[in-house]
Amino acid sequence: MRWGMAIELKRCVGCCECVLACKAEHFLPPDIFWNRVLIGEKGKYPTVTKLIYTVRCNQCADPACVKVCPTGATQQREDGIVWVDEDKCVGCRYCMVACPYQMRSMYEDGNKEYFPGQGLTEHEKMGRILYPHQLGVVQKCIFCKERIDAGLAQELKPGVDREATPACVINCPTKAIHFGDLDDPYSEINRIIKEKKGHQFHLEYGTDPSMYYID
Amino acid sequence: MIQAKPYDFMVKYTQQKEWIDGRGNFIAFAFFLGGISGGLYLASSYFESLLGQFVALILSLLMGVSYMIHLSKPLRFWRMFMKPGTSWIARGFIFIMLFIGFTFIQLILSQWASDATTAIMTFTVLAGIFAFAQSIYTGFAVSYVSAIKIWNSAILPILFVVCGITGGLAILLAIMMGGSHAQLVALENVIRVMLIVFAIIVGVYLWNTTYSSITAKDSVSRLIRGSLAPLFWIGVFLFGILIPIAISVSTYFAGEAATGLLITAVASEIIGGLALRFAILKAGVYSPLLPAE
Amino acid sequence: MAMSVKGTPEIWDDEWVKTTCGGCYGTCTIRAHRVNGVIVKIEGEPDNDFGPRGGICAKSEAMIQALYDPNRINYPMRRTNPKKGLFEDPRWERISWDEALDEIAGRLKKIRAENPNKLFHGGTPSAGSGPDLPLGFGVFGAVFGTKNWYVGGAGLHCGSGSHMGAGLYHASWSIVPDFKYCNYAIQMGSNKGTGSGHSMGFNMRLSADARARGMKNVVFDPICNFGGGKATEWIPILPGTDGLVALTMVNIILNELGVYDTEFLKKKTNGPYLIGPDERYVRDKKTDKPLVWDAKDNKAKTFDDPTIGDFALFGEYEVNGVKCHPAFHLIKEHVKQYTPEAAEKESTVPAETIRRIASEWADAAMIGTTIEIEGEKLPLRPVAAVMFRGGQGHTNSAQSYCAMCLLNAIVGAMDVPGGTLGWPAYVEGHPETGRFKVIPYPCKDGMLTAGTFMEHKPWPVEESQVPNTFLMKEMVPTASFSPQPVTSDFDKYWDELGRPYEIEIAMIFGANMVRSTQNREIAENFFKKIPFIVSFNILPNEFCEGFADIVLPDCHPLETYCLFSSHGPFFNHPIGMEGWNFPIRQPVIKPQYERRNKVEALWDLADRIGMRGEMNQYYNVYFSSFGGEALISGDIASVRDVKQIDPDKVTQLIKPDEKITYSEMMDRAFKFYFGDNHGLEYISEHGSINWPKKVKEAYWRWYVDVRIPIYMEHIAGLKPEIMENAEKAGVELEWEQFTPLISYFTPQVAKEETSEYDLYSFSYRDILHNGTYTMEMPWLDELSRLNPYTYNITMNADTAGKKGLKDGDLICLESSYGRKTTGTLKTMQGQHPKTVAISACSGAWAKGAPIAYGKGTNFNILLESDFKHACPVCWSQETATMVKVYKIDHRIEYDGAGGKPL
């Protein structure tokens, strides 16, 4: 079992809901992003292509961050999900430095408000109850493991059933993000990757990312 | 150079920040202290300077403090022993602890039980091993990061060690300034050689890195021509190499070491070593995620 | 509960409430997750087609932050600073609802007795406040009796030409490719599915499917950002020249390739109608019906004569003693002047490219092929050309848009599988009741007439009148939105007309009349003279702060009911074979503080001035109309005529003296439309009433006996009376544009190009934003800062280089009229070298919206607002302007704004 995503770039219009679905799902504080939408362009006028890439932790099969972590806070589950045990992190940031994809964040300032100087909104206050974040530790995309686990417990299928699938996947309005088991040769995601020639970012780092992109 | 915009993050070459900005300054400082502490201990042991060894211990303790300041959860520091199997930070932490421990014992023995020569020798060798380990691991911790091409070089640990030893020798020179002339001359000769070796390694490192990848080339050009050029040319080149060599060579031909000049050389060398750590950490850039143009 | 939770927090309330989003007028169906009384998450509704089927866009998610914005208006407030102006501090003072409503009612009563037109009302169905288009927004004023109804879009963010054209050709508000079957789409200055507010959700989903399927998507646009960014081929074009390219393609297809859908032209257009030397139809003397030539019988017959053997499209005939030609004959000859080489000069699109695209398009149209859907055999025309604000926001708006429609018409790609579809114009009604029914029908001349519409009647056009309203639209009946009276030339005309009356009260719903519409000084000049202004809003925006005497706290879309999230199917319901969904908007949390449902507050006001009974009657007529009688078409003009409708045809859902709540009205309306078991309770639980669409509803074109005016005879007909009436008001328009033969006219912006003012500046829609309101949402602000273009002024990299400018420079854009706005430069490759662009409606200066303050650049400052800069036919404003660009040391447009330093 190894969860992965395949992004169909043709579908994505850069609306950034994947980012906000994640922010809402995990009540992320200001300036913390577990995923991002990178915008750029390729080519010279008038032959130009706009580039829109939704990026997040690549949930590498052989993750650099797990190896460099001195405490074992950053760890990999059997299903490939790389996560940080907030109670074990010392905040040395080696994982942040070592990640070739730069998809980790340090939560440093607990006083930041979405409306600066105007106090926490009811929404932010509720977030601190439902999904508290420890200060001074590293955080990152965890492929919504809580959703996957709760879903599996109800015998739902991640990638198929909404309740068991990561928030960014189910809330994408263009259905650009596919989620499934990369270890299952018959899974839908493997079919898509094979058929549409999915590729990974920066194979040269040898981390074998679980995020595939389809041009 | 224009300050990188938030929207350029991983769209263009993106500078490493965690180990240099804000709290990150202290890791650069720790690496520097680790290097010279190890270098100083080795040099002091060779030149049999008890004071030098003691200063090396102090510097190592300072390194630990700097490390703690860098951590955002310092009270959990003990967890850093957990993963020496894969993590250079864990290994380094163990090296530092062992170095401090062995040096401490060796110093106590040397001071108050100077006839226990076997024991002293044993602990000096043990401390010496971990002095070297403490010095070189800072290089491995950095060079292990394959994501940053300018760091990911086999030369880097050697560079850090040489820089540490040169710095250590320089400090030892200051410590031994009032000592015997013969030892000073010998020390100075070693320093001269080390400085030249250091300069060569810096050159080889940058030259080699430039051709290793486009990203590393971007890093090198930041050092040589870009935003880091002042730090590199003034800090690393002028203070770390040019001034010490100039003083060493001039004193060599003058035949006599002028105390003032040597102190200048020492200070200059220390600034240079520190600048080197900062320059290399700051020059670390990640390759963009978007396809190249 | 399907959410990520850490630990075991105490949960005493955990509900997903089905409702609709209020982030834009797409009004996608959503589910809002409420935990312990707080809305924590928005997700798309997976179980119906009215949206992205489970997904949603970022604006929708960020609506949570708008709901909990500490800057919201929570109580009625009165301005205590007597001075009004762009940067004036209102010095708000809290008052009670009673005090506010009493004061407003007192003033309204007085002017209603004198002359109801002294009330100026308006707003926009934009984000923030629930639109309630047909039930609150606009209705109050119309029932009150004023004709001064001013919509915030007023041709700038909205598409005057496209609403006019889509109304004429598709009986719909706007158009979109049939993404399911279309193989070749052309977009001209439009963002369907990539940024446009029009049915954002399902268009995003369907257009993504189409791209993944391999639909070719050719985008003519000066910038390769949202629309262009998803093109299979981006073709840079100068602003305002899209119509020329469309006509050139028509020329190539008709005259070089000789391709056209004869069947469609003969039976579905006025192409065979005979046109006399006076540019008008040649009519049958007895019946007054337009005549066509029957090539089989070789004689003229009325267009609807069942004996016609073959409609002649070409030739010269003599009928009624005049020489005449079929309209299509004239069109085909007329377009010969539009050569690719000439088009290249004006538009910068290479002649070869135009030729190639025209030929690809003609091939892809597959004229003659059919498709079978659910057992029905239909023409398959998998090509679509669409245009929206960018393509038609110029002084040639109407003609340019119609030129693009002509492209679709000649290949018969209109409301058939694969072609260009209007938003649903044909609904047979709910299967149980037959109600909620809208059917287009032919007018006496056989032309397509919409079953329901709004703002203006696209067809049949009314007669021109001497202007007697501040909007002056009655003078040019083809106009959809009017820039008047918020212009620099209004007073001149009103003086000429002898100033029949003055505006004494303005009531504005939502909207940001000074930032989103036109130049702010022009707006300031108009609004500061109005003695009493009431604003319903959820945030103190630039308009409220500068000009409102009383602000009333509106509900956020997540805390209120709304019966019609939109106006009707033709406005934003899913296209093609997507299902029928009638969604509800309902409160996920109760309104806090003293915020109130705007419509209920208006009813309170109506009670106080003795108008509630009239409003109730209006609602009865309105709901009855969708019952299938089509009593009123829903446009504001028709609303005013409600009183003249035969009461027997009207179902009394609300008795005149009844005082019901909004939710009670919803319950009655739902039961009337969908049956007794589908009242408010049912729809609240299920979120929407869903039923399958029939093929004839989705692709209605060949099921309804209607034609479209590819020859715009009515414009020729209107011209003399318009000219006569305009003269009385001293109005001068570009009269040549009143031609029935669809033509290209150089836009005003191009006429103003000089060597000094050498760059075309324009603004465009950003997918992260809608109107001005989304700028205040911190999540969207974060995302905007992470976007290279949203908060920056963009320019082609080479152009910038030649001007000595680089990324990050603070630059000033100065128009040839001396108007200036400033911002940060970001260069890009994907932009026409002769342009400079600003995205979204940014550059806020209201102190009450601190997140938005100072972010980005306000483009509208650069615009001129007068008849010279308006399309004479549909009255779209010219939305591009010539500028010079230079470096500057500070944000001059904030001088005197008084906010935090930038």
# chains A, B, ... in the order shown; residues from 1 in each chain; ligands from 1
>>> interface_residues(of="chain B", to="chain A", cutoff="10 Å", atoms="only C-alpha atoms", output="JSON, numbers by chain")
{"B": [7, 8, 9, 10, 11, 12, 14, 16, 17, 18, 19, 23, 24, 27, 67, 68, 69, 70, 71, 72, 73, 74, 75, 76, 77, 78, 79, 80, 81, 82, 83, 84, 85, 86, 87, 88, 89, 90, 91, 92, 93, 141, 142, 144, 145, 146, 147, 148, 284, 285, 286, 287, 288, 289, 290, 291, 292, 293]}
>>> closest_atom_pairs(of="chain C", to="chain B", cutoff="6 Å", atoms="only C-alpha atoms", output="tab-separated table")
residue	atom	partner	partner_atom	distance
C:Leu786	CA	B:Tyr7	CA	4.3
C:Asn787	CA	B:Tyr7	CA	5.3
C:Pro788	CA	B:Tyr7	CA	5.4
>>> atom_distance(atom1="CA of Tyr493 (chain C)", atom2="CA of Glu463 (chain C)")
20.0 Å
>>> interface_residues(of="chain A", to="chain C", cutoff="6 Å", atoms="only C-alpha atoms", output="VMD selection string")
chain A and resid 11 13 15 to 17 24 44 to 45 48 50 114 121 130 to 131 146 163 171 to 174
>>> write_last_selection(atoms="C-alpha atoms", output="PDB file, in the first residue's frame")
ATOM      1  CA  ARG A  11      -7.529  20.275 -16.064  1.00  0.00           C
ATOM      2  CA  VAL A  13      -7.084  26.296 -13.874  1.00  0.00           C
ATOM      3  CA  CYS A  15      -8.197  28.416  -8.698  1.00  0.00           C
ATOM      4  CA  CYS A  16      -6.174  27.492  -5.593  1.00  0.00           C
ATOM      5  CA  GLU A  17      -9.016  25.741  -3.796  1.00  0.00           C
ATOM      6  CA  ALA A  24      -9.732  24.843   6.183  1.00  0.00           C
ATOM      7  CA  LYS A  44       9.038  33.464 -25.445  1.00  0.00           C
ATOM      8  CA  TYR A  45       6.364  35.767 -26.819  1.00  0.00           C
ATOM      9  CA  VAL A  48       4.065  31.047 -24.450  1.00  0.00           C
ATOM     10  CA  LYS A  50       1.354  29.356 -18.693  1.00  0.00           C
ATOM     11  CA  TYR A 114      -5.871  36.393   9.849  1.00  0.00           C
ATOM     12  CA  THR A 121     -12.131  35.119  14.555  1.00  0.00           C
ATOM     13  CA  LEU A 130     -10.438  21.044  16.774  1.00  0.00           C
ATOM     14  CA  TYR A 131      -6.987  20.955  15.249  1.00  0.00           C
ATOM     15  CA  GLU A 146      -6.971  11.321   9.613  1.00  0.00           C
ATOM     16  CA  GLU A 163     -14.997  10.841   3.253  1.00  0.00           C
ATOM     17  CA  ASN A 171     -12.627  19.827  -3.424  1.00  0.00           C
ATOM     18  CA  CYS A 172     -10.893  20.345  -6.755  1.00  0.00           C
ATOM     19  CA  PRO A 173     -13.513  21.808  -9.078  1.00  0.00           C
ATOM     20  CA  THR A 174     -11.806  20.485 -12.188  1.00  0.00           C
TER      21      THR A 174
END
>>> atom_distance(atom1="CA of Tyr744 (chain C)", atom2="CA of His334 (chain C)")
11.1 Å
>>> atom_distance(atom1="CA of Gln617 (chain C)", atom2="CA of Arg668 (chain C)")
14.1 Å
>>> select_by_dssp(residues="region 95-249 of chain B", states="helix (DSSP H, G or I)", output="VMD selection string")
chain B and resid 95 to 112 117 to 143 155 to 175 181 to 210 214 to 224 229 to 249
>>> select_by_dssp(residues="region 45-198 of chain A", states="strand (DSSP E)", output="MDAnalysis selection string")
chainID A and resid 47:56 74:76 82:84 104:106 138:140 177:181
>>> write_last_selection(atoms="C-alpha atoms", output="PDB file, in the first residue's frame")
ATOM      1  CA  THR A  47       4.788  31.152 -28.136  1.00  0.00           C
ATOM      2  CA  VAL A  48       4.065  31.047 -24.450  1.00  0.00           C
ATOM      3  CA  THR A  49       2.622  28.475 -22.107  1.00  0.00           C
ATOM      4  CA  LYS A  50       1.354  29.356 -18.693  1.00  0.00           C
ATOM      5  CA  LEU A  51       2.439  26.890 -16.027  1.00  0.00           C
ATOM      6  CA  ILE A  52       0.198  26.077 -13.094  1.00  0.00           C
ATOM      7  CA  TYR A  53       1.360  23.401 -10.676  1.00  0.00           C
ATOM      8  CA  THR A  54      -0.368  22.393  -7.496  1.00  0.00           C
ATOM      9  CA  VAL A  55       2.406  21.146  -5.220  1.00  0.00           C
ATOM     10  CA  ARG A  56       2.593  19.616  -1.781  1.00  0.00           C
ATOM     11  CA  THR A  74       9.415  12.721  11.005  1.00  0.00           C
ATOM     12  CA  GLN A  75       8.423   9.228  10.122  1.00  0.00           C
ATOM     13  CA  GLN A  76       6.903   7.162   7.376  1.00  0.00           C
ATOM     14  CA  VAL A  82       5.290  10.814   5.840  1.00  0.00           C
ATOM     15  CA  TRP A  83       4.215  12.754   8.892  1.00  0.00           C
ATOM     16  CA  VAL A  84       5.648  14.590  11.868  1.00  0.00           C
ATOM     17  CA  ARG A 104       7.610  21.817   5.061  1.00  0.00           C
ATOM     18  CA  SER A 105       6.716  24.668   7.359  1.00  0.00           C
ATOM     19  CA  MET A 106       7.789  25.680  10.824  1.00  0.00           C
ATOM     20  CA  VAL A 138       7.666  21.413  11.769  1.00  0.00           C
ATOM     21  CA  GLN A 139       4.426  20.615   9.959  1.00  0.00           C
ATOM     22  CA  LYS A 140       3.529  19.408   6.510  1.00  0.00           C
ATOM     23  CA  ILE A 177      -6.179  15.486  -8.700  1.00  0.00           C
ATOM     24  CA  HIS A 178      -6.428  11.712  -8.611  1.00  0.00           C
ATOM     25  CA  PHE A 179      -5.698   9.766  -5.451  1.00  0.00           C
ATOM     26  CA  GLY A 180      -5.041   6.073  -4.993  1.00  0.00           C
ATOM     27  CA  ASP A 181      -2.715   3.199  -4.221  1.00  0.00           C
TER      28      ASP A 181
END
>>> residues_around(residues="region 610-614 of chain C", least_positions_apart="6", cutoff="8 Å", atoms="only C-alpha atoms", output="mmCIF file with C-alpha atoms, in the first residue's frame")
data_model
loop_
_atom_site.group_PDB
_atom_site.id
_atom_site.type_symbol
_atom_site.label_atom_id
_atom_site.label_comp_id
_atom_site.auth_asym_id
_atom_site.auth_seq_id
_atom_site.Cartn_x
_atom_site.Cartn_y
_atom_site.Cartn_z
ATOM 1 C CA VAL C 143 -42.661 48.720 -7.227
ATOM 2 C CA PHE C 144 -41.980 52.046 -5.586
ATOM 3 C CA TRP C 603 -40.619 44.667 3.527
ATOM 4 C CA LYS C 655 -52.555 37.911 -0.018
ATOM 5 C CA PRO C 656 -52.141 41.669 -0.360
ATOM 6 C CA ASP C 657 -52.426 42.351 3.359
ATOM 7 C CA GLU C 658 -50.431 39.346 4.512
ATOM 8 C CA LYS C 659 -47.182 39.938 6.332
#
>>> decode(residues="region 527-544 of chain C", atoms="N, CA and C atoms", output="tab-separated table (two decimals), in the first residue's frame")
chain	number	residue	atom	x	y	z
C	527	PHE	N	-22.28	61.12	-6.85
C	527	PHE	CA	-22.91	60.64	-5.61
C	527	PHE	C	-22.88	61.69	-4.48
C	528	LYS	N	-21.88	62.56	-4.51
C	528	LYS	CA	-21.84	63.49	-3.37
C	528	LYS	C	-22.95	64.54	-3.45
C	529	LYS	N	-23.56	64.64	-4.61
C	529	LYS	CA	-24.64	65.61	-4.75
C	529	LYS	C	-26.00	65.06	-4.31
C	530	ILE	N	-26.06	63.74	-4.11
C	530	ILE	CA	-27.35	63.15	-3.71
C	530	ILE	C	-27.55	63.38	-2.21
C	531	PRO	N	-28.67	64.00	-1.85
C	531	PRO	CA	-28.83	64.41	-0.45
C	531	PRO	C	-28.87	63.25	0.55
C	532	PHE	N	-29.40	62.11	0.15
C	532	PHE	CA	-29.58	61.04	1.14
C	532	PHE	C	-29.32	59.69	0.48
C	533	ILE	N	-28.33	58.96	1.02
C	533	ILE	CA	-27.97	57.68	0.42
C	533	ILE	C	-28.03	56.57	1.46
C	534	VAL	N	-28.71	55.50	1.10
C	534	VAL	CA	-28.81	54.33	1.97
C	534	VAL	C	-28.04	53.20	1.31
C	535	SER	N	-27.24	52.50	2.09
C	535	SER	CA	-26.51	51.36	1.52
C	535	SER	C	-26.74	50.11	2.36
C	536	PHE	N	-27.17	49.05	1.70
C	536	PHE	CA	-27.24	47.74	2.34
C	536	PHE	C	-25.94	47.04	2.03
C	537	ASN	N	-25.19	46.68	3.04
C	537	ASN	CA	-23.94	46.01	2.71
C	537	ASN	C	-23.48	45.20	3.91
C	538	ILE	N	-22.49	44.35	3.67
C	538	ILE	CA	-21.97	43.60	4.81
C	538	ILE	C	-20.63	44.18	5.27
C	539	LEU	N	-20.02	44.99	4.43
C	539	LEU	CA	-18.73	45.61	4.78
C	539	LEU	C	-18.78	47.09	4.45
C	540	PRO	N	-18.10	47.88	5.25
C	540	PRO	CA	-18.03	49.31	4.91
C	540	PRO	C	-17.04	49.53	3.78
C	541	ASN	N	-17.49	49.48	2.56
C	541	ASN	CA	-16.57	49.65	1.43
C	541	ASN	C	-16.40	51.13	1.07
C	542	GLU	N	-15.70	51.38	-0.02
C	542	GLU	CA	-15.40	52.76	-0.43
C	542	GLU	C	-16.67	53.59	-0.61
C	543	PHE	N	-17.70	52.95	-1.15
C	543	PHE	CA	-18.94	53.69	-1.40
C	543	PHE	C	-19.61	54.05	-0.08
C	544	CYS	N	-19.72	53.07	0.82
C	544	CYS	CA	-20.37	53.32	2.11
C	544	CYS	C	-19.63	54.44	2.85
